[in-house]
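Heads up, work_5.cif below (mmCIF, C-alpha atoms):
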```
data_input
loop_
_atom_site.label_atom_id
_atom_site.label_comp_id
_atom_site.auth_asym_id
_atom_site.auth_seq_id
_atom_site.Cartn_x
_atom_site.Cartn_y
_atom_site.Cartn_z
CA MET A 1 -39.68 13.58 21.36
CA ARG A 2 -36.02 14.69 21.46
CA LYS A 3 -34.82 11.32 22.79
CA TYR A 4 -36.50 9.54 19.84
CA PHE A 5 -34.78 11.90 17.42
CA LEU A 6 -31.38 11.16 19.01
CA LEU A 7 -32.10 7.44 18.93
CA PHE A 8 -33.07 7.75 15.25
CA CYS A 9 -29.85 9.65 14.46
CA PHE A 10 -27.73 7.11 16.31
CA MET A 11 -29.36 4.15 14.57
CA PHE A 12 -28.74 5.59 11.11
CA ALA A 13 -25.32 7.11 11.71
CA PRO A 14 -22.99 5.86 8.99
CA LEU A 15 -20.57 3.14 9.97
CA SER A 16 -17.63 4.58 8.12
CA ALA A 17 -14.02 5.46 8.48
CA SER A 18 -12.69 8.90 7.89
CA ALA A 19 -9.17 9.65 6.75
CA GLU A 20 -8.24 10.17 10.41
CA ASP A 21 -9.41 6.64 11.28
CA MET A 22 -6.88 5.01 8.96
CA VAL A 23 -3.14 5.18 9.55
CA VAL A 24 -0.69 4.25 6.79
CA ARG A 25 2.98 3.51 7.43
CA THR A 26 5.58 2.43 4.89
CA GLU A 27 9.03 0.91 5.19
CA ASP A 28 10.67 1.62 1.85
CA PRO A 29 13.99 0.16 0.71
CA ARG A 30 17.10 2.33 0.64
CA PRO A 31 16.84 4.76 -2.28
CA PHE A 32 20.22 4.02 -3.93
CA GLY A 33 22.70 1.38 -5.03
CA TYR A 34 20.77 -1.17 -7.09
CA VAL A 35 21.80 -3.10 -10.21
CA ILE A 36 19.99 -5.57 -12.44
CA GLY A 37 18.78 -8.62 -10.50
CA ASP A 38 18.67 -6.88 -7.11
CA GLU A 39 15.55 -7.21 -4.99
CA LEU A 40 13.76 -4.38 -3.21
CA SER A 41 11.32 -5.03 -0.38
CA ARG A 42 8.59 -2.64 0.69
CA ARG A 43 6.31 -3.06 3.70
CA VAL A 44 3.04 -1.15 4.00
CA GLU A 45 1.01 -1.23 7.21
CA ILE A 46 -2.51 0.15 7.22
CA ASP A 47 -4.46 0.39 10.47
CA ALA A 48 -8.18 0.53 9.71
CA PRO A 49 -11.38 0.08 11.70
CA SER A 50 -11.99 -3.63 12.13
CA ASN A 51 -15.19 -3.59 10.05
CA TYR A 52 -13.24 -2.50 6.93
CA LYS A 53 -11.79 -5.12 4.60
CA ILE A 54 -9.40 -4.77 1.67
CA GLN A 55 -10.95 -5.14 -1.77
CA ASN A 56 -8.75 -7.85 -3.28
CA ASP A 57 -9.00 -6.41 -6.78
CA SER A 58 -7.27 -3.22 -5.55
CA LEU A 59 -4.13 -5.14 -4.56
CA PRO A 60 -1.24 -5.17 -7.04
CA ARG A 61 -0.67 -8.44 -8.88
CA ALA A 62 2.67 -10.21 -9.28
CA GLY A 63 4.24 -9.53 -12.65
CA ARG A 64 6.04 -6.89 -14.65
CA VAL A 65 5.38 -3.37 -13.35
CA ASP A 66 7.31 -1.54 -16.08
CA SER A 67 10.53 -2.02 -18.05
CA TRP A 68 12.58 -1.67 -14.83
CA LEU A 69 10.68 -3.60 -12.18
CA GLU A 70 8.82 -6.82 -11.62
CA LEU A 71 6.64 -7.47 -8.58
CA ARG A 72 7.83 -10.95 -7.65
CA LYS A 73 5.67 -11.59 -4.61
CA ILE A 74 3.02 -9.92 -2.46
CA LYS A 75 1.95 -11.19 0.94
CA VAL A 76 -1.03 -9.70 2.76
CA THR A 77 -1.72 -10.36 6.43
CA GLU A 78 -4.32 -9.02 8.85
CA LYS A 79 -4.02 -8.78 12.63
CA ALA A 80 -6.48 -7.42 15.21
CA ILE A 81 -5.11 -4.52 17.29
CA GLY A 82 -7.80 -3.42 19.75
CA ASP A 83 -10.77 -2.05 17.81
CA LYS A 84 -8.68 -1.81 14.62
CA SER A 85 -7.17 -4.24 12.14
CA ARG A 86 -3.59 -3.93 10.93
CA HIS A 87 -3.28 -4.90 7.28
CA THR A 88 0.34 -5.58 6.30
CA LEU A 89 1.44 -5.78 2.68
CA ASP A 90 4.91 -7.17 2.04
CA LEU A 91 5.91 -6.42 -1.55
CA HIS A 92 9.04 -7.89 -3.14
CA TYR A 93 10.29 -6.32 -6.38
CA GLN A 94 13.22 -7.21 -8.63
CA VAL A 95 15.22 -4.86 -10.89
CA MET A 96 14.84 -6.21 -14.43
CA ASN A 97 16.94 -3.82 -16.53
CA SER A 98 20.36 -2.20 -16.57
CA PRO A 99 20.83 1.44 -17.59
CA GLU A 100 23.87 2.89 -19.36
CA SER A 101 24.38 5.32 -16.47
CA VAL A 102 22.85 5.81 -13.03
CA LYS A 103 19.08 6.40 -13.34
CA THR A 104 16.38 7.19 -10.80
CA HIS A 105 13.17 5.17 -10.96
CA GLN A 106 10.12 4.83 -8.72
CA LEU A 107 8.46 2.05 -6.82
CA PRO A 108 4.88 2.52 -8.02
CA ASN A 109 2.22 4.32 -6.03
CA LEU A 110 -0.53 2.09 -4.68
CA LEU A 111 -4.21 2.75 -4.13
CA ILE A 112 -5.64 0.19 -1.72
CA ILE A 113 -9.43 0.25 -1.40
CA PHE A 114 -11.21 -0.73 1.79
CA ASN A 115 -14.93 -1.17 2.26
CA ASN A 116 -17.53 -2.18 4.79
CA LEU A 117 -21.22 -2.75 4.10
CA SER A 118 -21.95 0.91 3.37
CA ARG A 119 -18.74 2.87 2.71
CA VAL A 120 -15.50 2.83 0.73
CA HIS A 121 -12.19 4.33 1.80
CA GLU A 122 -8.96 4.59 -0.18
CA ALA A 123 -5.47 4.36 1.27
CA GLU A 124 -2.92 5.91 -1.07
CA ILE A 125 0.74 4.96 -0.83
CA ALA A 126 3.10 7.34 -2.62
CA GLU A 127 5.84 6.42 -5.08
CA SER A 128 9.28 5.80 -3.65
CA PRO A 129 12.45 6.67 -5.61
CA PHE A 130 15.46 4.40 -6.05
CA THR A 131 18.51 4.48 -8.29
CA VAL A 132 19.78 1.78 -10.63
CA ALA A 133 23.36 1.69 -11.91
CA PRO A 134 24.99 -0.29 -14.71
CA ILE A 135 26.91 -3.42 -13.73
CA THR A 136 29.98 -2.30 -15.67
CA PRO A 137 30.92 1.24 -16.63
CA ALA A 138 30.65 2.35 -20.26
CA PHE A 139 34.45 2.72 -20.44
CA VAL A 140 36.71 0.19 -18.76
#
```
Take the structure from the file and write it as structure tokens.
Amino acid sequence: MRKYFLLFCFMFAPLSASAEDMVVRTEDPRPFGYVIGDELSRRVEIDAPSNYKIQNDSLPRAGRVDSWLELRKIKVTEKAIGDKSRHTLDLHYQVMNSPESVKTHQLPNLLIIFNNLSRVHEAEIAESPFTVAPITPAFV
């Protein structure tokens, strides 16, 4: 009887990823020295079990993020690495405003949602600070 119980438990064990099963790495741009028109590139790599796929509606869309930034382009690629898939997001932002003095702003946080047939998992990518300076000083 015990072997049937174990077989039953194995058959109905959830096919899900825990937070430990997903690894998130970011390559953020340098945090200083930008002016209007400069581009910032951010790379996010998420290693997830191969049966998990990104929900496309959780990806950021190209366009104005706020009064300081515009997401110009996003490229998403997927590559098999053993029993996992590496999802790479290349995000290209452009500074769209010029402050009167040096200001600190943030690349936005991202919440990327993955799912398989039965479960959902969220990968959260934190904000990343950067500074923007005026092109010319207030007093020349």
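For the file at hand, the PyMOL selection byres ((chain A and resi 131) around 10) resolves to Arg30, Pro31, Phe32, Gly33, Tyr34, Val35, Val102, Lys103, Thr104, His105, Gln106, Pro129, Phe130, Val132 and Ala133 of chain A.
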Just C-alpha atoms for this one: save the residues we selected as a PDB file, in the frame of the given file.
```pdb
ATOM      1  CA  ARG A  30      17.100   2.330   0.640  1.00  0.00           C
ATOM      2  CA  PRO A  31      16.840   4.760  -2.280  1.00  0.00           C
ATOM      3  CA  PHE A  32      20.220   4.020  -3.930  1.00  0.00           C
ATOM      4  CA  GLY A  33      22.700   1.380  -5.030  1.00  0.00           C
ATOM      5  CA  TYR A  34      20.770  -1.170  -7.090  1.00  0.00           C
ATOM      6  CA  VAL A  35      21.800  -3.100 -10.210  1.00  0.00           C
ATOM      7  CA  VAL A 102      22.850   5.810 -13.030  1.00  0.00           C
ATOM      8  CA  LYS A 103      19.080   6.400 -13.340  1.00  0.00           C
ATOM      9  CA  THR A 104      16.380   7.190 -10.800  1.00  0.00           C
ATOM     10  CA  HIS A 105      13.170   5.170 -10.960  1.00  0.00           C
ATOM     11  CA  GLN A 106      10.120   4.830  -8.720  1.00  0.00           C
ATOM     12  CA  PRO A 129      12.450   6.670  -5.610  1.00  0.00           C
ATOM     13  CA  PHE A 130      15.460   4.400  -6.050  1.00  0.00           C
ATOM     14  CA  VAL A 132      19.780   1.780 -10.630  1.00  0.00           C
ATOM     15  CA  ALA A 133      23.360   1.690 -11.910  1.00  0.00           C
TER      16      ALA A 133
END
```
Among the residues A:Ala48, A:Leu40, A:Ile74, A:Met96, the one that comes closest to Asn115 of chain A [using only C-alpha atoms]
A:Ala48
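Counting all atoms listed in the file, the residue from A:Glu124, A:Glu100, A:Asp21, A:Glu70 that sits nearest to Val44 of chain A is A:Glu124.
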Of A:Ser101, A:Ser41, A:Ser85, A:Ser50, the one sitting nearest Leu71 of chain A when using all atoms listed in the file is A:Ser41
Of the candidates A:Leu89, A:Arg119, A:Glu45, A:Ile81, which shows the shortest atom-to-atom distance to Leu59 of chain A, using all atoms listed in the file?
A:Leu89
Place a sphere of radius 8 Å on (-15.8, -2.7, 9.6) in the file coordinates and name every protein, DNA or RNA residue with an atom inside or on its surface, counting all atoms listed in the file; give the answer as a tab-separated table (two decimals) with C-alpha atoms, in the frame of the given file.
```
chain	number	residue	atom	x	y	z
A	15	LEU	CA	-20.57	3.14	9.97
A	16	SER	CA	-17.63	4.58	8.12
A	49	PRO	CA	-11.38	0.08	11.70
A	50	SER	CA	-11.99	-3.63	12.13
A	51	ASN	CA	-15.19	-3.59	10.05
A	52	TYR	CA	-13.24	-2.50	6.93
A	53	LYS	CA	-11.79	-5.12	4.60
A	115	ASN	CA	-14.93	-1.17	2.26
A	116	ASN	CA	-17.53	-2.18	4.79
A	117	LEU	CA	-21.22	-2.75	4.10
```
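Here atom CA of Ser58 of chain A is placed at a distance of 5.8 Å from atom CA of Ile113 of chain A.
Using all atoms listed in the file, the smallest distance between any of A:Thr26, A:Asn109, A:Ser128, A:Gln94 and Ala62 of chain A comes from A:Gln94.
Taken over the whole file, the PyMOL selection byres ((chain A and resi 87) around 6) covers exactly Glu45, Ile46, Thr77, Glu78, Arg86 and Thr88 of chain A.
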Using only C-alpha atoms, collect all residues at a distance of at most 7 Å from (13.9, -6.3, -13.9) as written in the file, then present them as JSON, numbers by chain.
{"A": [36, 37, 67, 68, 69, 70, 94, 95, 96, 97]}
Could the residues in this selection be written to a file with C-alpha atoms, as a CSV table (one decimal), in the frame of the given file?
```csv
chain,number,residue,atom,x,y,z
A,36,ILE,CA,20.0,-5.6,-12.4
A,37,GLY,CA,18.8,-8.6,-10.5
A,67,SER,CA,10.5,-2.0,-18.0
A,68,TRP,CA,12.6,-1.7,-14.8
A,69,LEU,CA,10.7,-3.6,-12.2
A,70,GLU,CA,8.8,-6.8,-11.6
A,94,GLN,CA,13.2,-7.2,-8.6
A,95,VAL,CA,15.2,-4.9,-10.9
A,96,MET,CA,14.8,-6.2,-14.4
A,97,ASN,CA,16.9,-3.8,-16.5
```
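Rounded to one decimal, atom CA of Arg72 of chain A and atom CA of His121 of chain A lie 26.9 Å from each other.
The shortest atom-to-atom distance to Arg43 of chain A, with only C-alpha atoms taken into account, belongs to A:Leu91 out of A:Leu110, A:Val23, A:Leu91, A:Val65.
Note that the spacing between atom CA of Glu122 of chain A and atom CA of Asp90 of chain A amounts to 18.3 Å.
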